[in-house]
Amino acid sequence: MKKIVLLVALLLTFNSGAFAVEGMWIPSLIEMFHSDMKTYGLKLSPEEVYSTNKSSLKDAIVQFNGGCTAEIVSEEGLLFTNHHCGFSAIQSHSSLKNDYLKNGFWAKNKAEELACPWLRVTFVKEIRDVTEAVFKGLTKDIVGAERGKIIMQNIAKLEAAEQSDASISAKIKAFNLGNQFYMLITQDYNDIRLVGAPPSAIGKYGGDTDNWVWPRHTGDFAIFRIYADKDNKSAKHDEVNIPFKPAHFLPISLKPKQEGDFTMVYGFPGSTDQHFASEKLGFYMDVERPARIAMRQASLDLITPAMNNSDEIRIKYASKQARIANAWKKWIGQIGGLKELKALDKKLAWEKEYRAKASEKSDWTRYKNVLTELNRIQKENGIYEYARSLFIEYFYVGPEMLRFAHEFKTLANNYKELEEKGKLKDEIKRLQGKAKGFFKNYDKNLDQQIFNKLTPMYIDFLDDKELLPKGFADSWQKNGDKIYSKSILMNLSQIETLLSKFTEKSCKKLQKDPALMMATELYNGFVTQTNPSYSEFAQQEQALMKIYVEGILTMFPEKKTWADANSTMRIGYGKLEGSAPVDGMKYLHYSTIKGIMQKYDPENPDFQLPARFLELYEKGDWGDYEQDGELWVCFTASNHTTGGNSGSPVIDAEGNLMGINFDRSWESTMSDFMFDESRCRNIVVDARYVLWVIDKYGDAGHLIKEMKLVK
């Protein structure tokens, strides 16, 4: 293992010139790639980028509610993230009376800021290599389940030793498919409040039409604030809490931008799969992704027009529609990009090279057949992976009735156990709260339409109908009609009545409810018929993937190898630049407010604008935020990003905020599997446009005064 780590270090140190664009690098290894960052223009020292001994850029970057990134931009804990990352919070506070989705929201003072006690932000205190400690006690003879058991025991001991207080967490994650392990010591803050958000006509301008597309004209930002107790420590939401004082916050650059400027993305990329074997990549391109795209298209064909025809449904379904549509369009671009770049042919060529390399030395024999085995087990078990993906898409993304009903399974079947453990009241209280929240954002008629559309698709897509519950294919329509017309779980008042006087006798009534019966049948069928075979396959695949990646690190020390994204803090760096992904077309590196007006269409929901915005445009007052008489809206850069980088700061050579990352171009979505330096670009909302919207549109200049502006 020490040999592998040394090879990675040498790779970064002596071949750095090839790494500037591709890769998501671990900040604690900053010394290894800092010199390359300098060649691209970085003016900061390694300690200013990442340090555990003093404040650094790291301390201004947080993971936002476990899925996005955010950055601190004032000494009073003010946060920038994406509008789409804060969308569910904005939606939760919205109603027909206070339609913050449509009209936007701007707190004029701290007392008006809206509490979001369900949100959290996570600071990274330290990233520590613990590979040697995790592998302690292992020998070459220890394999399989015994090896995994020792690793998990070591991880548990190491994590427990770092749990200093309730707000501190120590989690060890695998990197490079289990060849390395790092401990992330983190701290959560849980009193987060909504400070400001533009109307969706700005924050989502372009809607699904422009999503993943360049040129972009979206003001994709929202503003929150972290609160802490009087000692600046993490605390639950309380009115007595005060604004958090950060160790570092990002100044905001108003300086003119030029193509070729250094850019750094600092955030929490979610997941990439650069090491997929050819059979698995082909499975995703030709089978898995197309089916999931079709299912989401069917849902969107029902949800989108319903939202356009009803303000009530629009508010209820805005966040859900956005989540469904985001992956739907991403996957379409992903498949297109992979096919256009002939990714499968490149994978096959690489696998041939890998096998040939493994034949060069006797020490490398164990790597020779690993790809053959990976491709073989994928062919044999793809049916189970496909069934699993379809179940997730149907049960967790499709008709909401199923997953809501399934919430009642524990109460219906474990009454005595809950009572004996003193947890019965808590479970009833949980379900009462769950029901209120569910029906606040639910339309039964629309959900039934989704159920009727997606259920036959789910059945038809499954290759092996034996993986379905017995009789489900013939009975779903009849049972579905019964559920939506008679189920207690489809009626809030009936649920409240049932739970308010719940006894052991009530369990039988709940057990016989048609919604819970169907949800339980589907879920249990998946757990017993699909998941065991998939889990066995996944374990085999994981063991082989570890050997495969070990072979890459060992046999190809000159290859630019970086650990796949896994929702941990990473750095990506490159330049502010455009691209030319389509023959005969060159994309500029920035867009302006002029383009917003060129797209403006009062008849198209994706391109409508508020009257106030139109008035401001006519005035043409760009204030201190213009460049050469123009107001930039967005720009593109050659940073390697993925999901989770939404909301990440894009930082200039001197450590100032240039903009907020929010997307990739459609031609770039395939970068989760294969990166192409000539076409892959991340899309960023310019910080100056963000400030212009806050100042001129939101009339929230008091927020600007909190920030440090660099001219």
# chains A, B, ... in the order shown; residues from 1 in each chain; ligands from 1
$ select_by_dssp --residues "stretch 145-387 of chain A" --states "alpha helix (DSSP H)" --output "JSON, numbers by chain"
{"A": [145, 146, 147, 148, 149, 150, 151, 152, 153, 154, 155, 156, 157, 158, 159, 160, 200, 201, 202, 203, 207, 208, 209, 210, 278, 279, 280, 281, 282, 283, 289, 290, 291, 292, 293, 294, 295, 296, 297, 298, 299, 300, 301, 302, 303, 304, 305, 306, 307, 308, 309, 311, 312, 313, 314, 315, 316, 317, 318, 319, 320, 321, 322, 323, 324, 325, 326, 327, 328, 329, 330, 331, 332, 333, 334, 335, 336, 337, 338, 339, 340, 343, 344, 345, 346, 347, 348, 349, 350, 351, 352, 353, 354, 355, 356, 357, 358, 370, 371, 372, 373, 374, 375, 376, 377, 378, 379, 380, 381, 382, 383, 384, 385, 386, 387]}
$ select_by_dssp --residues "stretch 548-681 of chain A" --states "strand (DSSP E)" --output "ChimeraX atom specification"
/A:570-575,579-582,585-587,590-592,632-637,649-651,657-664
$ write_last_selection --atoms "N, CA and C atoms" --output "mmCIF file, in the first residue's frame"
data_model
loop_
_atom_site.group_PDB
_atom_site.id
_atom_site.type_symbol
_atom_site.label_atom_id
_atom_site.label_comp_id
_atom_site.auth_asym_id
_atom_site.auth_seq_id
_atom_site.Cartn_x
_atom_site.Cartn_y
_atom_site.Cartn_z
ATOM 1 N N ARG A 570 -13.209 18.247 -2.406
ATOM 2 C CA ARG A 570 -12.229 18.132 -3.491
ATOM 3 C C ARG A 570 -11.938 19.506 -4.106
ATOM 4 N N ILE A 571 -10.835 19.559 -4.825
ATOM 5 C CA ILE A 571 -10.439 20.750 -5.574
ATOM 6 C C ILE A 571 -10.333 20.386 -7.051
ATOM 7 N N GLY A 572 -10.936 21.204 -7.899
ATOM 8 C CA GLY A 572 -10.742 21.103 -9.336
ATOM 9 C C GLY A 572 -10.204 22.438 -9.817
ATOM 10 N N TYR A 573 -9.336 22.425 -10.815
ATOM 11 C CA TYR A 573 -8.791 23.696 -11.282
ATOM 12 C C TYR A 573 -8.606 23.684 -12.786
ATOM 13 N N GLY A 574 -8.622 24.879 -13.359
ATOM 14 C CA GLY A 574 -8.496 25.026 -14.798
ATOM 15 C C GLY A 574 -8.478 26.493 -15.169
ATOM 16 N N LYS A 575 -9.181 26.818 -16.250
ATOM 17 C CA LYS A 575 -9.165 28.188 -16.741
ATOM 18 C C LYS A 575 -10.570 28.637 -17.125
ATOM 19 N N SER A 579 -15.543 26.948 -25.534
ATOM 20 C CA SER A 579 -15.308 25.655 -26.163
ATOM 21 C C SER A 579 -15.908 25.659 -27.556
ATOM 22 N N ALA A 580 -15.648 24.590 -28.284
ATOM 23 C CA ALA A 580 -16.216 24.446 -29.627
ATOM 24 C C ALA A 580 -16.617 22.986 -29.823
ATOM 25 N N PRO A 581 -17.642 22.527 -29.091
ATOM 26 C CA PRO A 581 -18.007 21.112 -29.143
ATOM 27 C C PRO A 581 -18.767 20.693 -30.390
ATOM 28 N N VAL A 582 -19.304 21.674 -31.131
ATOM 29 C CA VAL A 582 -20.090 21.375 -32.322
ATOM 30 C C VAL A 582 -19.401 21.957 -33.544
ATOM 31 N N MET A 585 -19.323 25.808 -34.793
ATOM 32 C CA MET A 585 -19.836 26.677 -33.736
ATOM 33 C C MET A 585 -18.804 26.812 -32.625
ATOM 34 N N LYS A 586 -18.561 28.044 -32.197
ATOM 35 C CA LYS A 586 -17.661 28.298 -31.076
ATOM 36 C C LYS A 586 -18.446 28.982 -29.967
ATOM 37 N N TYR A 587 -18.386 28.430 -28.778
ATOM 38 C CA TYR A 587 -19.068 29.018 -27.639
ATOM 39 C C TYR A 587 -18.171 30.052 -26.970
ATOM 40 N N TYR A 590 -18.533 33.600 -21.962
ATOM 41 C CA TYR A 590 -19.444 34.296 -21.059
ATOM 42 C C TYR A 590 -20.742 34.648 -21.778
ATOM 43 N N SER A 591 -21.782 34.910 -20.980
ATOM 44 C CA SER A 591 -23.070 35.385 -21.493
ATOM 45 C C SER A 591 -23.409 36.675 -20.754
ATOM 46 N N THR A 592 -24.317 37.475 -21.310
ATOM 47 C CA THR A 592 -24.658 38.758 -20.708
ATOM 48 C C THR A 592 -26.167 38.910 -20.547
ATOM 49 N N TRP A 632 -22.177 40.765 -17.211
ATOM 50 C CA TRP A 632 -22.040 39.323 -17.390
ATOM 51 C C TRP A 632 -23.073 38.608 -16.518
ATOM 52 N N VAL A 633 -23.635 37.532 -17.035
ATOM 53 C CA VAL A 633 -24.565 36.714 -16.266
ATOM 54 C C VAL A 633 -23.891 35.404 -15.855
ATOM 55 N N CYS A 634 -23.315 34.708 -16.808
ATOM 56 C CA CYS A 634 -22.659 33.424 -16.541
ATOM 57 C C CYS A 634 -21.345 33.345 -17.309
ATOM 58 N N PHE A 635 -20.510 32.390 -16.914
ATOM 59 C CA PHE A 635 -19.299 32.098 -17.683
ATOM 60 C C PHE A 635 -18.981 30.613 -17.575
ATOM 61 N N THR A 636 -18.116 30.133 -18.452
ATOM 62 C CA THR A 636 -17.718 28.726 -18.426
ATOM 63 C C THR A 636 -16.227 28.613 -18.126
ATOM 64 N N ALA A 637 -15.864 27.479 -17.542
ATOM 65 C CA ALA A 637 -14.463 27.216 -17.204
ATOM 66 C C ALA A 637 -14.179 25.734 -17.398
ATOM 67 N N PRO A 649 -18.023 27.391 -4.775
ATOM 68 C CA PRO A 649 -17.410 28.647 -5.203
ATOM 69 C C PRO A 649 -16.423 28.405 -6.332
ATOM 70 N N VAL A 650 -16.420 29.311 -7.288
ATOM 71 C CA VAL A 650 -15.355 29.345 -8.288
ATOM 72 C C VAL A 650 -14.454 30.493 -7.869
ATOM 73 N N ILE A 651 -13.216 30.159 -7.553
ATOM 74 C CA ILE A 651 -12.304 31.067 -6.861
ATOM 75 C C ILE A 651 -11.181 31.484 -7.801
ATOM 76 N N LEU A 657 -13.978 35.192 -4.595
ATOM 77 C CA LEU A 657 -15.093 34.532 -5.264
ATOM 78 C C LEU A 657 -15.359 35.179 -6.620
ATOM 79 N N MET A 658 -15.284 34.368 -7.691
ATOM 80 C CA MET A 658 -15.594 34.826 -9.046
ATOM 81 C C MET A 658 -17.046 34.549 -9.414
ATOM 82 N N GLY A 659 -17.576 33.454 -8.889
ATOM 83 C CA GLY A 659 -18.926 33.049 -9.243
ATOM 84 C C GLY A 659 -19.317 31.787 -8.503
ATOM 85 N N ILE A 660 -20.532 31.321 -8.765
ATOM 86 C CA ILE A 660 -21.076 30.139 -8.105
ATOM 87 C C ILE A 660 -21.342 29.066 -9.164
ATOM 88 N N ASN A 661 -20.651 27.948 -9.042
ATOM 89 C CA ASN A 661 -20.846 26.848 -9.992
ATOM 90 C C ASN A 661 -22.263 26.307 -9.884
ATOM 91 N N PHE A 662 -22.917 26.036 -11.029
ATOM 92 C CA PHE A 662 -24.254 25.463 -10.942
ATOM 93 C C PHE A 662 -24.560 24.389 -11.977
ATOM 94 N N ASP A 663 -23.687 24.169 -12.943
ATOM 95 C CA ASP A 663 -24.056 23.212 -13.978
ATOM 96 C C ASP A 663 -22.836 22.827 -14.797
ATOM 97 N N ARG A 664 -23.063 21.934 -15.751
ATOM 98 C CA ARG A 664 -22.105 21.651 -16.825
ATOM 99 C C ARG A 664 -22.835 21.830 -18.142
#
$ residues_around --residues "stretch 91-99 of chain A" --least-positions-apart "4" --cutoff "12 Å" --atoms "only C-alpha atoms" --output "ChimeraX atom specification"
/A:83-87,103-105,113-119,193-195,197-200,310-322,437-438,440-441
$ residues_around --residues "stretch 366-380 of chain A" --least-positions-apart "4" --cutoff "12 Å" --atoms "only C-alpha atoms" --output "number ranges by chain"
A: 275-284, 347-348, 350-362, 384-386, 533-534, 536-555
$ write_last_selection --atoms "C-alpha atoms" --output "PDB file, in the first residue's frame"
ATOM      1  CA  HIS A 275     -13.251   3.046 -13.968  1.00  0.00           C
ATOM      2  CA  PHE A 276     -16.342   1.264 -15.289  1.00  0.00           C
ATOM      3  CA  ALA A 277     -15.398  -1.764 -17.366  1.00  0.00           C
ATOM      4  CA  SER A 278     -16.630  -1.842 -20.967  1.00  0.00           C
ATOM      5  CA  GLU A 279     -19.549  -4.206 -20.330  1.00  0.00           C
ATOM      6  CA  LYS A 280     -20.869  -2.022 -17.520  1.00  0.00           C
ATOM      7  CA  LEU A 281     -20.457   1.196 -19.484  1.00  0.00           C
ATOM      8  CA  GLY A 282     -22.348  -0.368 -22.384  1.00  0.00           C
ATOM      9  CA  PHE A 283     -25.087  -1.511 -19.976  1.00  0.00           C
ATOM     10  CA  TYR A 284     -25.563   2.037 -18.722  1.00  0.00           C
ATOM     11  CA  LYS A 347     -12.744   1.560 -23.157  1.00  0.00           C
ATOM     12  CA  LEU A 348     -12.118  -1.582 -25.186  1.00  0.00           C
ATOM     13  CA  TRP A 350      -7.762   0.680 -22.911  1.00  0.00           C
ATOM     14  CA  GLU A 351      -8.690  -2.785 -21.650  1.00  0.00           C
ATOM     15  CA  LYS A 352      -6.514  -4.324 -24.356  1.00  0.00           C
ATOM     16  CA  GLU A 353      -3.629  -2.103 -23.248  1.00  0.00           C
ATOM     17  CA  TYR A 354      -4.209  -3.022 -19.591  1.00  0.00           C
ATOM     18  CA  ARG A 355      -4.131  -6.754 -20.292  1.00  0.00           C
ATOM     19  CA  ALA A 356      -0.979  -6.423 -22.364  1.00  0.00           C
ATOM     20  CA  LYS A 357       0.725  -4.486 -19.585  1.00  0.00           C
ATOM     21  CA  ALA A 358      -0.230  -7.131 -17.029  1.00  0.00           C
ATOM     22  CA  SER A 359       1.638  -9.714 -19.103  1.00  0.00           C
ATOM     23  CA  GLU A 360       4.948  -7.862 -18.845  1.00  0.00           C
ATOM     24  CA  LYS A 361       5.869  -8.920 -15.293  1.00  0.00           C
ATOM     25  CA  SER A 362       5.180 -11.987 -13.185  1.00  0.00           C
ATOM     26  CA  TYR A 384     -30.370  -7.888 -11.299  1.00  0.00           C
ATOM     27  CA  GLU A 385     -28.686  -4.501 -11.541  1.00  0.00           C
ATOM     28  CA  TYR A 386     -31.293  -3.468 -14.096  1.00  0.00           C
ATOM     29  CA  SER A 533     -28.587 -11.585  -6.143  1.00  0.00           C
ATOM     30  CA  TYR A 534     -27.623  -7.968  -6.753  1.00  0.00           C
ATOM     31  CA  GLU A 536     -23.779 -10.873  -4.151  1.00  0.00           C
ATOM     32  CA  PHE A 537     -22.867  -9.467  -7.560  1.00  0.00           C
ATOM     33  CA  ALA A 538     -21.946  -6.073  -6.065  1.00  0.00           C
ATOM     34  CA  GLN A 539     -19.593  -7.689  -3.543  1.00  0.00           C
ATOM     35  CA  GLN A 540     -17.849  -9.668  -6.285  1.00  0.00           C
ATOM     36  CA  GLU A 541     -17.599  -6.552  -8.418  1.00  0.00           C
ATOM     37  CA  GLN A 542     -16.205  -4.468  -5.558  1.00  0.00           C
ATOM     38  CA  ALA A 543     -13.430  -6.975  -4.871  1.00  0.00           C
ATOM     39  CA  LEU A 544     -12.476  -7.131  -8.545  1.00  0.00           C
ATOM     40  CA  MET A 545     -12.624  -3.338  -8.956  1.00  0.00           C
ATOM     41  CA  LYS A 546     -10.169  -2.916  -6.087  1.00  0.00           C
ATOM     42  CA  ILE A 547      -7.690  -5.202  -7.845  1.00  0.00           C
ATOM     43  CA  TYR A 548      -8.318  -3.479 -11.186  1.00  0.00           C
ATOM     44  CA  VAL A 549      -7.596   0.006  -9.823  1.00  0.00           C
ATOM     45  CA  GLU A 550      -4.626  -1.284  -7.855  1.00  0.00           C
ATOM     46  CA  GLY A 551      -3.312  -2.489 -11.206  1.00  0.00           C
ATOM     47  CA  ILE A 552      -3.745   0.972 -12.740  1.00  0.00           C
ATOM     48  CA  LEU A 553      -1.860   2.628  -9.880  1.00  0.00           C
ATOM     49  CA  THR A 554       0.884   0.003  -9.970  1.00  0.00           C
ATOM     50  CA  MET A 555       1.388  -0.570 -13.706  1.00  0.00           C
TER      51      MET A 555
END
$ closest_atom_pairs --of "stretch 442-535 of chain A" --to "stretch 410-418 of chain A" --cutoff "12 Å" --atoms "only C-alpha atoms" --output "tab-separated table"
residue	atom	partner	partner_atom	distance
A:Leu498	CA	A:Ala412	CA	11.7
A:Leu499	CA	A:Leu411	CA	10.1
A:Phe502	CA	A:Leu411	CA	9.7
A:Thr503	CA	A:Tyr415	CA	8.4
A:Glu504	CA	A:Tyr415	CA	6.4
A:Lys505	CA	A:Tyr415	CA	9.7
A:Ser506	CA	A:Ala412	CA	8.0
A:Cys507	CA	A:Ala412	CA	4.7
A:Lys508	CA	A:Ala412	CA	7.3
A:Lys509	CA	A:Ala412	CA	8.5
A:Leu510	CA	A:Ala412	CA	5.8
A:Gln511	CA	A:Ala412	CA	5.7
A:Lys512	CA	A:Ala412	CA	9.4
A:Asp513	CA	A:Ala412	CA	10.0
A:Leu516	CA	A:Ala412	CA	9.1
A:Met517	CA	A:Ala412	CA	10.7
A:Thr520	CA	A:Thr410	CA	10.7
$ residues_around --residues "A:Glu71" --least-positions-apart "6" --cutoff "8 Å" --atoms "only C-alpha atoms" --output "PyMOL selection string"
chain A and resi 60-62+79-81+249-250+647-649
$ write_last_selection --atoms "C-alpha atoms" --output "PDB file, in the first residue's frame"
ATOM      1  CA  ALA A  60     -15.169  29.077   4.001  1.00  0.00           C
ATOM      2  CA  ILE A  61     -16.509  25.986   2.164  1.00  0.00           C
ATOM      3  CA  VAL A  62     -19.347  23.853   3.539  1.00  0.00           C
ATOM      4  CA  LEU A  79     -23.875  31.763   2.699  1.00  0.00           C
ATOM      5  CA  PHE A  80     -24.167  31.605  -1.065  1.00  0.00           C
ATOM      6  CA  THR A  81     -25.370  28.421  -2.729  1.00  0.00           C
ATOM      7  CA  PHE A 249     -14.937  33.955   4.393  1.00  0.00           C
ATOM      8  CA  LEU A 250     -14.501  34.662   0.691  1.00  0.00           C
ATOM      9  CA  GLY A 647     -23.197  25.814  -5.241  1.00  0.00           C
ATOM     10  CA  SER A 648     -19.411  25.433  -5.160  1.00  0.00           C
ATOM     11  CA  PRO A 649     -17.410  28.647  -5.203  1.00  0.00           C
TER      12      PRO A 649
END
$ closest_residue --among "A:Lys157, A:Lys482, A:Lys470, A:Lys434" --to "A:Gln448" --atoms "only C-alpha atoms"
A:Lys482
$ closest_residue --among "A:Pro399, A:Lys58, A:Gly422, A:Ile593" --to "A:Glu618" --atoms "only C-alpha atoms"
A:Ile593
$ atom_distance --atom1 "atom CA of A:Phe391" --atom2 "atom CA of A:Gly333"
23.0 Å
$ decode --residues "stretch 90-188 of chain A" --atoms "C-alpha atoms" --output "PDB file, in the first residue's frame"
ATOM      1  CA  ILE A  90     -37.855  28.217  -0.598  1.00  0.00           C
ATOM      2  CA  GLN A  91     -40.732  25.939  -1.581  1.00  0.00           C
ATOM      3  CA  SER A  92     -41.351  24.893   2.013  1.00  0.00           C
ATOM      4  CA  HIS A  93     -41.853  28.519   3.047  1.00  0.00           C
ATOM      5  CA  SER A  94     -44.039  29.275   0.017  1.00  0.00           C
ATOM      6  CA  SER A  95     -47.815  29.355  -0.147  1.00  0.00           C
ATOM      7  CA  LEU A  96     -50.448  30.948  -2.355  1.00  0.00           C
ATOM      8  CA  LYS A  97     -50.313  33.930   0.019  1.00  0.00           C
ATOM      9  CA  ASN A  98     -46.512  34.138   0.195  1.00  0.00           C
ATOM     10  CA  ASP A  99     -45.346  32.766  -3.158  1.00  0.00           C
ATOM     11  CA  TYR A 100     -41.584  33.077  -2.699  1.00  0.00           C
ATOM     12  CA  LEU A 101     -41.005  30.744  -5.648  1.00  0.00           C
ATOM     13  CA  LYS A 102     -42.723  33.195  -7.968  1.00  0.00           C
ATOM     14  CA  ASN A 103     -41.924  36.508  -6.274  1.00  0.00           C
ATOM     15  CA  GLY A 104     -38.624  35.843  -4.553  1.00  0.00           C
ATOM     16  CA  PHE A 105     -37.757  36.603  -0.943  1.00  0.00           C
ATOM     17  CA  TRP A 106     -35.483  39.220   0.640  1.00  0.00           C
ATOM     18  CA  ALA A 107     -35.163  39.554   4.400  1.00  0.00           C
ATOM     19  CA  LYS A 108     -34.751  43.252   5.188  1.00  0.00           C
ATOM     20  CA  ASN A 109     -33.167  42.459   8.535  1.00  0.00           C
ATOM     21  CA  LYS A 110     -32.086  39.421  10.531  1.00  0.00           C
ATOM     22  CA  ALA A 111     -35.437  39.211  12.314  1.00  0.00           C
ATOM     23  CA  GLU A 112     -37.130  38.526   8.964  1.00  0.00           C
ATOM     24  CA  GLU A 113     -34.832  35.630   8.046  1.00  0.00           C
ATOM     25  CA  LEU A 114     -36.780  32.366   7.775  1.00  0.00           C
ATOM     26  CA  ALA A 115     -35.769  29.415   9.936  1.00  0.00           C
ATOM     27  CA  CYS A 116     -34.983  26.136   8.167  1.00  0.00           C
ATOM     28  CA  PRO A 117     -34.288  23.799  11.119  1.00  0.00           C
ATOM     29  CA  TRP A 118     -34.209  20.762   8.812  1.00  0.00           C
ATOM     30  CA  LEU A 119     -31.132  22.124   7.015  1.00  0.00           C
ATOM     31  CA  ARG A 120     -27.524  21.637   8.044  1.00  0.00           C
ATOM     32  CA  VAL A 121     -24.117  22.717   6.808  1.00  0.00           C
ATOM     33  CA  THR A 122     -20.986  20.643   7.303  1.00  0.00           C
ATOM     34  CA  PHE A 123     -17.476  22.014   7.823  1.00  0.00           C
ATOM     35  CA  VAL A 124     -14.420  19.875   7.151  1.00  0.00           C
ATOM     36  CA  LYS A 125     -11.980  20.201  10.031  1.00  0.00           C
ATOM     37  CA  GLU A 126      -9.370  17.758   8.751  1.00  0.00           C
ATOM     38  CA  ILE A 127      -8.754  15.143   6.048  1.00  0.00           C
ATOM     39  CA  ARG A 128      -6.352  12.437   7.223  1.00  0.00           C
ATOM     40  CA  ASP A 129      -4.849   9.438   5.411  1.00  0.00           C
ATOM     41  CA  VAL A 130      -5.603   6.373   7.559  1.00  0.00           C
ATOM     42  CA  THR A 131      -4.931   3.657   4.994  1.00  0.00           C
ATOM     43  CA  GLU A 132      -2.232   1.925   7.025  1.00  0.00           C
ATOM     44  CA  ALA A 133      -4.371   1.891  10.173  1.00  0.00           C
ATOM     45  CA  VAL A 134      -7.421   0.554   8.300  1.00  0.00           C
ATOM     46  CA  PHE A 135      -5.353  -2.315   6.856  1.00  0.00           C
ATOM     47  CA  LYS A 136      -3.739  -3.173  10.204  1.00  0.00           C
ATOM     48  CA  GLY A 137      -3.788  -6.913  10.839  1.00  0.00           C
ATOM     49  CA  LEU A 138      -4.344  -7.891   7.210  1.00  0.00           C
ATOM     50  CA  THR A 139      -2.157 -10.363   5.348  1.00  0.00           C
ATOM     51  CA  LYS A 140      -2.257 -11.683   1.777  1.00  0.00           C
ATOM     52  CA  ASP A 141      -3.957 -14.836   3.049  1.00  0.00           C
ATOM     53  CA  ILE A 142      -6.914 -12.956   4.535  1.00  0.00           C
ATOM     54  CA  VAL A 143      -9.549 -12.471   1.850  1.00  0.00           C
ATOM     55  CA  GLY A 144     -13.287 -12.148   1.337  1.00  0.00           C
ATOM     56  CA  ALA A 145     -15.624 -11.689   4.274  1.00  0.00           C
ATOM     57  CA  GLU A 146     -12.860 -12.067   6.863  1.00  0.00           C
ATOM     58  CA  ARG A 147     -10.863  -9.274   5.253  1.00  0.00           C
ATOM     59  CA  GLY A 148     -13.925  -7.024   5.154  1.00  0.00           C
ATOM     60  CA  LYS A 149     -14.680  -7.773   8.812  1.00  0.00           C
ATOM     61  CA  ILE A 150     -11.190  -6.720   9.946  1.00  0.00           C
ATOM     62  CA  ILE A 151     -11.358  -3.530   7.882  1.00  0.00           C
ATOM     63  CA  MET A 152     -14.753  -2.589   9.341  1.00  0.00           C
ATOM     64  CA  GLN A 153     -13.542  -3.293  12.892  1.00  0.00           C
ATOM     65  CA  ASN A 154     -10.502  -1.080  12.354  1.00  0.00           C
ATOM     66  CA  ILE A 155     -12.655   1.680  10.881  1.00  0.00           C
ATOM     67  CA  ALA A 156     -15.063   1.547  13.842  1.00  0.00           C
ATOM     68  CA  LYS A 157     -12.225   1.895  16.364  1.00  0.00           C
ATOM     69  CA  LEU A 158     -10.590   4.768  14.488  1.00  0.00           C
ATOM     70  CA  GLU A 159     -13.877   6.669  14.121  1.00  0.00           C
ATOM     71  CA  ALA A 160     -14.852   6.172  17.771  1.00  0.00           C
ATOM     72  CA  ALA A 161     -11.516   7.558  18.949  1.00  0.00           C
ATOM     73  CA  GLU A 162     -12.242  10.909  17.236  1.00  0.00           C
ATOM     74  CA  GLN A 163     -15.790  11.530  18.519  1.00  0.00           C
ATOM     75  CA  SER A 164     -14.961  14.489  20.782  1.00  0.00           C
ATOM     76  CA  ASP A 165     -18.438  16.062  21.010  1.00  0.00           C
ATOM     77  CA  ALA A 166     -21.923  15.676  19.570  1.00  0.00           C
ATOM     78  CA  SER A 167     -21.398  18.090  16.670  1.00  0.00           C
ATOM     79  CA  ILE A 168     -18.123  16.475  15.554  1.00  0.00           C
ATOM     80  CA  SER A 169     -18.153  13.449  13.266  1.00  0.00           C
ATOM     81  CA  ALA A 170     -15.300  11.277  12.117  1.00  0.00           C
ATOM     82  CA  LYS A 171     -16.087   9.225   9.028  1.00  0.00           C
ATOM     83  CA  ILE A 172     -13.668   7.040   7.115  1.00  0.00           C
ATOM     84  CA  LYS A 173     -14.315   6.651   3.403  1.00  0.00           C
ATOM     85  CA  ALA A 174     -12.763   4.422   0.788  1.00  0.00           C
ATOM     86  CA  PHE A 175     -10.886   6.075  -2.085  1.00  0.00           C
ATOM     87  CA  ASN A 176      -9.595   4.525  -5.313  1.00  0.00           C
ATOM     88  CA  LEU A 177     -12.035   1.618  -4.950  1.00  0.00           C
ATOM     89  CA  GLY A 178     -10.774   0.591  -1.517  1.00  0.00           C
ATOM     90  CA  ASN A 179      -7.058   0.935  -2.163  1.00  0.00           C
ATOM     91  CA  GLN A 180      -6.871   3.970   0.121  1.00  0.00           C
ATOM     92  CA  PHE A 181      -8.859   5.266   3.088  1.00  0.00           C
ATOM     93  CA  TYR A 182      -9.201   8.792   4.430  1.00  0.00           C
ATOM     94  CA  MET A 183     -10.802  10.030   7.618  1.00  0.00           C
ATOM     95  CA  LEU A 184     -12.867  13.202   7.369  1.00  0.00           C
ATOM     96  CA  ILE A 185     -13.378  15.014  10.645  1.00  0.00           C
ATOM     97  CA  THR A 186     -16.382  17.265  10.204  1.00  0.00           C
ATOM     98  CA  GLN A 187     -18.658  19.554  12.196  1.00  0.00           C
ATOM     99  CA  ASP A 188     -22.331  20.260  11.538  1.00  0.00           C
TER     100      ASP A 188
END
